[in-house]
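> Here it is, the structure in full.
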Amino acid sequence: MEIYDVIVVGLGAMGSAAAYQLAGRGVRVLGLDQFSPPHTLGSTHGDSRVTRLAIGEGMAYVPLAMRSHELWREIEAQTGADLLTANGCLILGRAGTGFGFHGKVDFLQDTIAAARAFDIPHEVLDADAIRRSFPQFNLVGDEVGYHEPGGGFVRPEACVRAQLTLAAQRGADIRRDERVESFAITADGVTVRTARGDHSAGKLILSAGPWIAGLLDGELRQRFAVHRQVMHWFATAPPHELLVPDRFPVYIWEATERDTFYGFPAIDGEDGGMKVAAEQFDEVTDPASVKREVSLEESLALFDGLVGAGLPHLHRRRVKAVACLYTTTTDGDFVIDWHPDSEDVLIVSPCSGHGFKHSAAIGEAAAELVTQGASAIDLDAFSLRRFAT
C-alpha cells in the first residue's frame with residue numbers, strides 16, 4: 001500500500017484546488033473522487049458561477065475572493081483556459097429595506113461596507129442611474145444598486161479541469177471513479193477505505209461537498225444539510241448585442257421582500273440562452289435520492305413568478321435546466337477547520353451555496369494548513385468552534 005503525504009477526498013471546487021496547490025509544493029498527494037470530475041452530480045457545474053470581491057456575507061470572505069481572482073489569472077496563464085470574466089457584478093436591492101441573502105440580514109449594505117473597507121472599486125446607484133447604465137433591466141423605480149466592475153463570473157467546469165490537469169502534471173495521483181467508503185484516524189495519520197482498497201497518508205482533506213455528511217458522524221454530521229437547487233436557461237429576445245458580457249453584468253436582484261434571484265449575460269452566445277436561478281433552503285435532500293430532472297413547470301414558474309417581468313429581453317422558451325446541490329451549515333457560513341478528533345483531518349467543504357468564488361484561495365489555504373500548520377489568510381471565522389457558542 002503506497003503511503004501519501006496528503007489524501008484529498010472529493011475533487012470538485014475545493015478538492016481540485018487543494019490537489020493543484022499541494023502538487024505544486026512537491027507534496028505526494030492522492031486525489032479521490034467517486035465520479036469523474038468535472039461532473040454534474042454535485043455543486044460544481046452549470047457553466048458559470050458569480051464572483052465578486054466585496055462580500056456581503058462577511059468581511060472574512062473578502063481576502064479569499066481577492067486571492068482567488070489572482071489565482072484564476074495565474075492558472076489561465078499556465079493553461080490557456082478561459083476561467084474568469086470580469087464583466088461586472090450588479091446587486092439590486094429595494095430602497096429602505098434590509099436585503100436578506102445567504103442568511104445575512106442586510107446583504108446590500110454589508111457589501112457596500114466591505115467594498116469601502118477593502119478599497120474595492122465600486123459605485124452605488126439609484127434607480128435612474130441603474131436605468132442609464134443598464135437599460136436591460138425593467139425596474140420598479142425604488143431600487144438601489146451596487147456595481148462592482150471587477151466582479152463577474154467564473155466557469156466552474158473549466159476551473160476544475162484546469163486544476164486537476166496541472167495537479168497531475170506536477171505528480172499528483174488523481175483517481176476518478178473511486179468511491180470513498182470511510183476513513184480511520186491512526187497513530188501515523190489516516191487510512192482511507194475505498195471501493196478498491198485502502199490508502200494511507202499523514203493528512204486528509206475532506207472536500208466531499210454534499211457527500212461529506214456520510215463520512216462524518218455524531219453532532220458534526222448534523223451541522224450540514226443538502227438542498228436541491230435549480231439553474232434555468234431561457235432564450236433571449238433582440239437586441240442580442242445588449243446581452244453579451246461586454247454589455248451585461250452578472251447580477252443579484254432582490255425582486256420582492258421575499259424573493260431574490262441571480263443571473264448572467266448570454267455567455268455562450270445567442271443560442272446558449274441566459275442563465276437565471278433562485279435559491280431554496282426549505283426542503284432538505286441527499287445526493288442519493290435527489291430529483292435530478294427539472295420539469296418545464298419548475299422553469300416556467302420561475303419565469304412567470306419572478307424573472308420575466310424584470311428582464312424584458314428574456315424569452316419564456318426554456319433552453320435547458322439542471323439541478324445542483326448546496327451543502328449548507330446551520331449558520332450559512334463555511335467550515336474550514338480540523339476535525340474535532342484529529343488535526344490530521346481537515347474539513348474543507350460545506351460552503352452553503354456561495355463557495356465557488358473563493359475556491360481557488362481555499363485550496364491554497366488548505367495546502368498551507370496541512371503542510372505548514374497555518375494559512376496566510378485568516379480562517380478563524382470558519383472554525384467549528386463557533387457552533388459551541
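Naming works like this for the C-alpha cells: A, B, ... for the chains as they're shown, residue 1 at the start of each chain, ligands 1 onward in shown order.
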Can you tell me, as JSON, numbers by chain, which residues in segment 103-287 of chain A count as helix (DSSP H, G or I) by DSSP?
{"A": [107, 108, 109, 110, 111, 112, 113, 114, 115, 116, 117, 127, 128, 129, 130, 131, 132, 133, 156, 157, 158, 159, 160, 161, 162, 163, 164, 165, 166, 167, 168, 169, 209, 210, 211, 212, 213, 214, 215, 218, 219, 220, 221, 222, 240, 241, 242, 270, 271, 272]}
> Check the DSSP output for the backbone and give back, as a short mmCIF file (atom, residue, chain, number, x, y, z; two decimals) with C-alpha atoms, in the first residue's frame, the residues of segment 27-202 of chain A in strand (DSSP E or B).

```
data_model
loop_
_atom_site.label_atom_id
_atom_site.label_comp_id
_atom_site.auth_asym_id
_atom_site.auth_seq_id
_atom_site.Cartn_x
_atom_site.Cartn_y
_atom_site.Cartn_z
CA VAL A 29 -0.90 13.80 -2.95
CA LEU A 30 -3.66 11.35 -3.80
CA GLY A 31 -6.91 12.81 -5.09
CA LEU A 32 -10.02 10.60 -4.94
CA ARG A 49 -20.68 30.96 -11.08
CA VAL A 50 -20.94 34.54 -9.79
CA THR A 51 -17.76 36.08 -8.47
CA LEU A 84 -12.58 34.37 -15.14
CA THR A 85 -14.58 37.04 -16.95
CA CYS A 89 -21.44 42.49 -10.86
CA LEU A 90 -24.64 44.42 -10.14
CA ILE A 91 -26.54 43.91 -6.89
CA LEU A 92 -30.05 45.34 -6.87
CA GLY A 93 -31.98 45.95 -3.66
CA ARG A 94 -35.04 47.91 -2.69
CA PHE A 101 -29.33 36.90 1.24
CA LYS A 104 -27.40 37.70 6.17
CA GLU A 123 -20.32 52.66 -7.35
CA VAL A 124 -23.64 52.98 -5.55
CA LEU A 125 -26.53 53.78 -7.90
CA ASP A 126 -30.09 54.98 -7.58
CA GLU A 143 -34.25 50.13 -6.48
CA VAL A 144 -30.77 50.94 -5.26
CA GLY A 145 -27.74 49.25 -6.74
CA TYR A 146 -24.16 48.32 -6.06
CA HIS A 147 -21.97 47.92 -9.13
CA GLU A 148 -18.53 46.34 -8.92
CA GLY A 152 -18.17 38.80 -12.99
CA PHE A 153 -18.26 35.06 -13.45
CA VAL A 154 -16.01 32.02 -13.43
CA ASP A 173 -2.14 10.77 -8.27
CA ILE A 174 -5.66 11.65 -9.46
CA ARG A 175 -8.06 8.72 -9.26
CA VAL A 180 -14.51 6.56 -0.59
CA GLU A 181 -16.39 4.45 1.93
CA SER A 182 -14.82 5.61 5.20
CA PHE A 183 -11.69 6.87 6.86
CA ALA A 184 -9.94 5.99 10.10
CA ILE A 185 -7.64 8.07 12.25
CA THR A 186 -4.43 6.20 13.02
CA GLY A 189 -2.23 9.90 10.26
CA VAL A 190 -5.21 8.44 8.43
CA THR A 191 -6.32 5.45 6.41
CA VAL A 192 -8.95 5.92 3.72
CA ARG A 193 -11.00 2.94 2.59
CA THR A 194 -12.40 2.99 -0.93
CA GLY A 197 -8.80 -0.78 -1.32
CA ASP A 198 -7.11 1.18 1.44
CA HIS A 199 -4.84 4.23 1.17
CA SER A 200 -2.77 5.83 3.93
CA ALA A 201 -1.45 9.35 4.41
CA GLY A 202 -0.21 11.71 7.05
#
```
> Could you give me, as a PDB file with N, CA and C atoms, in the first residue's frame, the residues within 12 Å of segment 375-379 of chain A, counting only C-alpha atoms and dropping anything in the same chain fewer than 5 positions from it?

```pdb
ATOM      1  N   MET A  59     -16.951  40.134   6.128  1.00  0.00           N
ATOM      2  CA  MET A  59     -15.635  40.667   5.779  1.00  0.00           C
ATOM      3  C   MET A  59     -14.579  39.572   5.654  1.00  0.00           C
ATOM      4  N   ALA A  60     -14.729  38.487   6.408  1.00  0.00           N
ATOM      5  CA  ALA A  60     -13.712  37.429   6.400  1.00  0.00           C
ATOM      6  C   ALA A  60     -13.578  36.767   5.046  1.00  0.00           C
ATOM      7  N   TYR A  61     -14.601  36.892   4.204  1.00  0.00           N
ATOM      8  CA  TYR A  61     -14.565  36.260   2.892  1.00  0.00           C
ATOM      9  C   TYR A  61     -13.768  37.062   1.867  1.00  0.00           C
ATOM     10  N   VAL A  62     -13.636  38.352   2.080  1.00  0.00           N
ATOM     11  CA  VAL A  62     -13.058  39.222   1.050  1.00  0.00           C
ATOM     12  C   VAL A  62     -11.638  38.806   0.663  1.00  0.00           C
ATOM     13  N   PRO A  63     -10.733  38.539   1.614  1.00  0.00           N
ATOM     14  CA  PRO A  63      -9.383  38.121   1.191  1.00  0.00           C
ATOM     15  C   PRO A  63      -9.380  36.840   0.359  1.00  0.00           C
ATOM     16  N   LEU A  64     -10.306  35.933   0.631  1.00  0.00           N
ATOM     17  CA  LEU A  64     -10.400  34.712  -0.162  1.00  0.00           C
ATOM     18  C   LEU A  64     -10.808  35.020  -1.601  1.00  0.00           C
ATOM     19  N   ALA A  65     -11.783  35.898  -1.765  1.00  0.00           N
ATOM     20  CA  ALA A  65     -12.241  36.251  -3.110  1.00  0.00           C
ATOM     21  C   ALA A  65     -11.141  36.980  -3.882  1.00  0.00           C
ATOM     22  N   MET A  66     -10.462  37.900  -3.227  1.00  0.00           N
ATOM     23  CA  MET A  66      -9.411  38.658  -3.898  1.00  0.00           C
ATOM     24  C   MET A  66      -8.262  37.739  -4.322  1.00  0.00           C
ATOM     25  N   ARG A  67      -7.859  36.840  -3.438  1.00  0.00           N
ATOM     26  CA  ARG A  67      -6.774  35.925  -3.771  1.00  0.00           C
ATOM     27  C   ARG A  67      -7.199  34.951  -4.866  1.00  0.00           C
ATOM     28  N   SER A  68      -8.452  34.519  -4.850  1.00  0.00           N
ATOM     29  CA  SER A  68      -8.930  33.607  -5.890  1.00  0.00           C
ATOM     30  C   SER A  68      -8.829  34.239  -7.271  1.00  0.00           C
ATOM     31  N   ASP A 333     -22.484  29.912   6.945  1.00  0.00           N
ATOM     32  CA  ASP A 333     -21.080  30.215   6.704  1.00  0.00           C
ATOM     33  C   ASP A 333     -20.290  28.932   6.442  1.00  0.00           C
ATOM     34  N   PHE A 334     -19.041  29.097   6.034  1.00  0.00           N
ATOM     35  CA  PHE A 334     -18.208  27.965   5.667  1.00  0.00           C
ATOM     36  C   PHE A 334     -17.706  27.200   6.888  1.00  0.00           C
ATOM     37  N   VAL A 335     -17.215  26.005   6.643  1.00  0.00           N
ATOM     38  CA  VAL A 335     -16.397  25.271   7.605  1.00  0.00           C
ATOM     39  C   VAL A 335     -15.067  24.950   6.941  1.00  0.00           C
ATOM     40  N   ILE A 336     -14.005  25.495   7.492  1.00  0.00           N
ATOM     41  CA  ILE A 336     -12.640  25.162   7.089  1.00  0.00           C
ATOM     42  C   ILE A 336     -11.877  24.986   8.396  1.00  0.00           C
ATOM     43  N   ASP A 337     -11.781  23.743   8.857  1.00  0.00           N
ATOM     44  CA  ASP A 337     -11.238  23.522  10.197  1.00  0.00           C
ATOM     45  C   ASP A 337     -10.833  22.060  10.346  1.00  0.00           C
ATOM     46  N   TRP A 338     -10.025  21.825  11.367  1.00  0.00           N
ATOM     47  CA  TRP A 338      -9.620  20.456  11.689  1.00  0.00           C
ATOM     48  C   TRP A 338     -10.777  19.689  12.309  1.00  0.00           C
ATOM     49  N   VAL A 348     -12.958  20.724   4.636  1.00  0.00           N
ATOM     50  CA  VAL A 348     -12.972  21.858   3.708  1.00  0.00           C
ATOM     51  C   VAL A 348     -14.076  21.601   2.707  1.00  0.00           C
ATOM     52  N   HIS A 358     -14.577  31.571  -3.996  1.00  0.00           N
ATOM     53  CA  HIS A 358     -13.463  31.542  -3.049  1.00  0.00           C
ATOM     54  C   HIS A 358     -12.590  30.299  -3.194  1.00  0.00           C
ATOM     55  N   ALA A 361      -8.578  30.129  -3.609  1.00  0.00           N
ATOM     56  CA  ALA A 361      -7.840  30.533  -2.416  1.00  0.00           C
ATOM     57  C   ALA A 361      -8.039  29.552  -1.267  1.00  0.00           C
ATOM     58  N   ILE A 362      -9.209  28.935  -1.178  1.00  0.00           N
ATOM     59  CA  ILE A 362      -9.425  27.934  -0.136  1.00  0.00           C
ATOM     60  C   ILE A 362      -8.524  26.732  -0.375  1.00  0.00           C
ATOM     61  N   GLY A 363      -8.366  26.328  -1.633  1.00  0.00           N
ATOM     62  CA  GLY A 363      -7.449  25.242  -1.929  1.00  0.00           C
ATOM     63  C   GLY A 363      -6.032  25.575  -1.513  1.00  0.00           C
ATOM     64  N   GLU A 364      -5.616  26.805  -1.773  1.00  0.00           N
ATOM     65  CA  GLU A 364      -4.283  27.240  -1.359  1.00  0.00           C
ATOM     66  C   GLU A 364      -4.151  27.243   0.159  1.00  0.00           C
ATOM     67  N   ALA A 365      -5.178  27.760   0.841  1.00  0.00           N
ATOM     68  CA  ALA A 365      -5.146  27.799   2.304  1.00  0.00           C
ATOM     69  C   ALA A 365      -5.120  26.398   2.894  1.00  0.00           C
ATOM     70  N   ALA A 366      -5.869  25.473   2.305  1.00  0.00           N
ATOM     71  CA  ALA A 366      -5.872  24.096   2.784  1.00  0.00           C
ATOM     72  C   ALA A 366      -4.493  23.474   2.628  1.00  0.00           C
ATOM     73  N   ALA A 367      -3.846  23.738   1.501  1.00  0.00           N
ATOM     74  CA  ALA A 367      -2.494  23.222   1.296  1.00  0.00           C
ATOM     75  C   ALA A 367      -1.531  23.791   2.326  1.00  0.00           C
ATOM     76  N   GLU A 368      -1.691  25.060   2.634  1.00  0.00           N
ATOM     77  CA  GLU A 368      -0.835  25.668   3.652  1.00  0.00           C
ATOM     78  C   GLU A 368      -1.084  25.056   5.029  1.00  0.00           C
ATOM     79  N   LEU A 369      -2.330  24.809   5.350  1.00  0.00           N
ATOM     80  CA  LEU A 369      -2.656  24.252   6.663  1.00  0.00           C
ATOM     81  C   LEU A 369      -2.059  22.869   6.853  1.00  0.00           C
ATOM     82  N   VAL A 370      -2.164  22.001   5.848  1.00  0.00           N
ATOM     83  CA  VAL A 370      -1.698  20.631   6.035  1.00  0.00           C
ATOM     84  C   VAL A 370      -0.187  20.498   5.869  1.00  0.00           C
ATOM     85  N   LEU A 384     -14.988  25.475  13.493  1.00  0.00           N
ATOM     86  CA  LEU A 384     -16.091  24.750  14.133  1.00  0.00           C
ATOM     87  C   LEU A 384     -16.371  25.261  15.536  1.00  0.00           C
ATOM     88  N   ARG A 385     -15.457  25.985  16.119  1.00  0.00           N
ATOM     89  CA  ARG A 385     -15.659  26.482  17.486  1.00  0.00           C
ATOM     90  C   ARG A 385     -16.890  27.359  17.605  1.00  0.00           C
TER      91      ARG A 385
END
```
> Interatomic distance between atom CA of Gly353 of chain A and atom CA of His339 of chain A?
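These two atoms are separated by 21.6 Å.
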> I'd like a table as a tab-separated table: residues in segment 261-352 of chain A with an atom no more than 7 Å from segment 245-254 of chain A, each row giving the shortest atom pair and its distance in Å to one decimal, only C-alpha atoms counted, sorted by chain and rising residue number.

```
residue	atom	partner	partner_atom	distance
A:Phe261	CA	A:Trp253	CA	5.5
A:Tyr262	CA	A:Ile252	CA	4.2
A:Gly263	CA	A:Tyr251	CA	5.5
A:Phe264	CA	A:Val250	CA	4.5
A:Pro265	CA	A:Pro245	CA	5.5
A:Ala266	CA	A:Pro245	CA	6.8
A:Ile267	CA	A:Pro245	CA	6.2
```
> Emit the selected residues as a CSV table (one decimal), in the first residue's frame, including C-alpha atoms.

```
chain,number,residue,atom,x,y,z
A,261,PHE,CA,-32.7,35.7,-7.9
A,262,TYR,CA,-29.5,36.0,-9.8
A,263,GLY,CA,-28.3,35.6,-13.3
A,264,PHE,CA,-25.8,36.0,-16.1
A,265,PRO,CA,-25.4,37.5,-19.5
A,266,ALA,CA,-25.5,35.3,-22.6
A,267,ILE,CA,-22.1,34.0,-22.0
```
> Measuring atom to atom with only C-alpha atoms, identify which of A:Glu293, A:Glu219, A:Asp47, A:Asp331 is nearest to Phe281 of chain A.
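With only C-alpha atoms as the atom set, the closest residue is A:Asp331.
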> Which residues come within 6 Å of Ala19 of chain A, counting only C-alpha atoms, excluding same-chain residues fewer than 3 positions away, as a PyMOL selection string?
chain A and resi 16+22+167
> What's the separation between atom CA of Ala235 of chain A and atom CA of Arg132 of chain A, in Å to one decimal place?
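Separating atom CA of Ala235 of chain A from atom CA of Arg132 of chain A is a distance of 24.4 Å.
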> Expressed in Å to a single decimal, how great is the separation between atom CA of Leu53 of chain A and atom CA of Gln109 of chain A?
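Taking atom CA of Leu53 of chain A as the start and atom CA of Gln109 of chain A as the end point, the length is 14.3 Å.
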> So which one's closest to Gly272 of chain A, A:Glu297, A:Asp119, A:Val319, A:Ala225? Using only C-alpha atoms, please.
A:Val319
> Give the answer as one residue: which of A:Trp72, A:Ser207, A:Gly310, A:Ala323 has the shortest atom-to-atom distance to Gly141 of chain A, using only C-alpha atoms?
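Distance minimum relative to Gly141 of chain A lands on A:Gly310.
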> Within 8 Å of Thr44 of chain A, counting only C-alpha atoms, which residues qualify if same-chain residues fewer than 6 places away don't, as a list of chain:residue names?
A:Gly12, A:Ala13, A:Pro38, A:Pro156, A:Glu157, A:Cys324, A:Phe356
> I need the chosen residues saved as a CSV table (one decimal), in the first residue's frame, with N, CA and C atoms.

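New file result.csv:
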```csv
chain,number,residue,atom,x,y,z
A,12,GLY,N,-14.0,18.3,-6.5
A,12,GLY,CA,-14.8,19.4,-7.1
A,12,GLY,C,-14.1,20.8,-6.9
A,13,ALA,N,-14.8,21.8,-6.5
A,13,ALA,CA,-14.3,23.1,-6.4
A,13,ALA,C,-13.1,23.2,-5.5
A,38,PRO,N,-14.6,17.2,-14.0
A,38,PRO,CA,-15.8,17.9,-13.6
A,38,PRO,C,-17.1,17.1,-14.0
A,156,PRO,N,-17.0,27.0,-13.8
A,156,PRO,CA,-16.6,26.0,-12.8
A,156,PRO,C,-16.0,24.8,-13.4
A,157,GLU,N,-16.6,24.2,-14.4
A,157,GLU,CA,-16.1,23.0,-15.0
A,157,GLU,C,-14.7,23.3,-15.5
A,324,CYS,N,-28.6,21.3,-9.1
A,324,CYS,CA,-27.3,21.1,-8.4
A,324,CYS,C,-27.6,21.1,-6.9
A,356,PHE,N,-17.9,28.9,-4.6
A,356,PHE,CA,-17.0,28.7,-5.7
A,356,PHE,C,-16.1,29.9,-6.0
```
> Give me, as a VMD selection string, all polymer residues having an atom no more than 12 Å from Gly10 of chain A, counting only C-alpha atoms and skipping those fewer than 5 positions away in the same chain.
chain A and resid 15 to 19 30 to 39 42 to 44 160 164 174 to 180 204 to 212 215 347 to 349
> Quick one: write out the picked residues with C-alpha atoms as a PDB file, in the first residue's frame?

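The file below, part00.pdb, is the result:
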```pdb
ATOM      1  CA  GLY A  15     -10.636  19.483  -3.768  1.00  0.00           C
ATOM      2  CA  SER A  16      -9.285  20.210  -7.239  1.00  0.00           C
ATOM      3  CA  ALA A  17      -7.819  23.476  -5.963  1.00  0.00           C
ATOM      4  CA  ALA A  18      -6.227  21.756  -2.975  1.00  0.00           C
ATOM      5  CA  ALA A  19      -4.755  18.966  -5.121  1.00  0.00           C
ATOM      6  CA  LEU A  30      -3.659  11.345  -3.802  1.00  0.00           C
ATOM      7  CA  GLY A  31      -6.910  12.807  -5.088  1.00  0.00           C
ATOM      8  CA  LEU A  32     -10.016  10.604  -4.939  1.00  0.00           C
ATOM      9  CA  ASP A  33     -13.448  11.155  -6.433  1.00  0.00           C
ATOM     10  CA  GLN A  34     -16.330   8.721  -6.798  1.00  0.00           C
ATOM     11  CA  PHE A  35     -17.151  10.227 -10.208  1.00  0.00           C
ATOM     12  CA  SER A  36     -15.082  11.772 -12.985  1.00  0.00           C
ATOM     13  CA  PRO A  37     -14.793  15.499 -12.308  1.00  0.00           C
ATOM     14  CA  PRO A  38     -15.840  17.870 -13.589  1.00  0.00           C
ATOM     15  CA  HIS A  39     -19.270  16.242 -13.434  1.00  0.00           C
ATOM     16  CA  GLY A  42     -22.650  17.752  -7.075  1.00  0.00           C
ATOM     17  CA  SER A  43     -22.235  21.512  -6.716  1.00  0.00           C
ATOM     18  CA  THR A  44     -19.551  22.362  -9.270  1.00  0.00           C
ATOM     19  CA  VAL A 160     -11.809  22.101 -12.034  1.00  0.00           C
ATOM     20  CA  LEU A 164      -6.718  18.715 -11.992  1.00  0.00           C
ATOM     21  CA  ILE A 174      -5.659  11.653  -9.463  1.00  0.00           C
ATOM     22  CA  ARG A 175      -8.061   8.725  -9.256  1.00  0.00           C
ATOM     23  CA  ARG A 176     -11.517   9.113 -10.712  1.00  0.00           C
ATOM     24  CA  ASP A 177     -14.446   6.743 -10.249  1.00  0.00           C
ATOM     25  CA  GLU A 178     -13.117   5.515  -6.907  1.00  0.00           C
ATOM     26  CA  ARG A 179     -15.674   5.900  -4.147  1.00  0.00           C
ATOM     27  CA  VAL A 180     -14.507   6.560  -0.592  1.00  0.00           C
ATOM     28  CA  LEU A 204      -6.542  14.028   4.955  1.00  0.00           C
ATOM     29  CA  ILE A 205      -8.569  16.820   3.353  1.00  0.00           C
ATOM     30  CA  LEU A 206     -12.314  16.137   3.300  1.00  0.00           C
ATOM     31  CA  SER A 207     -13.801  18.200   0.477  1.00  0.00           C
ATOM     32  CA  ALA A 208     -16.641  15.880  -0.447  1.00  0.00           C
ATOM     33  CA  GLY A 209     -19.361  18.503  -0.842  1.00  0.00           C
ATOM     34  CA  PRO A 210     -22.864  17.051  -0.470  1.00  0.00           C
ATOM     35  CA  TRP A 211     -21.396  13.638   0.366  1.00  0.00           C
ATOM     36  CA  ILE A 212     -19.420  14.903   3.354  1.00  0.00           C
ATOM     37  CA  LEU A 215     -18.168  10.497   6.070  1.00  0.00           C
ATOM     38  CA  ILE A 347     -12.747  19.598   6.756  1.00  0.00           C
ATOM     39  CA  VAL A 348     -12.972  21.858   3.708  1.00  0.00           C
ATOM     40  CA  SER A 349     -16.304  21.753   2.006  1.00  0.00           C
TER      41      SER A 349
END
```
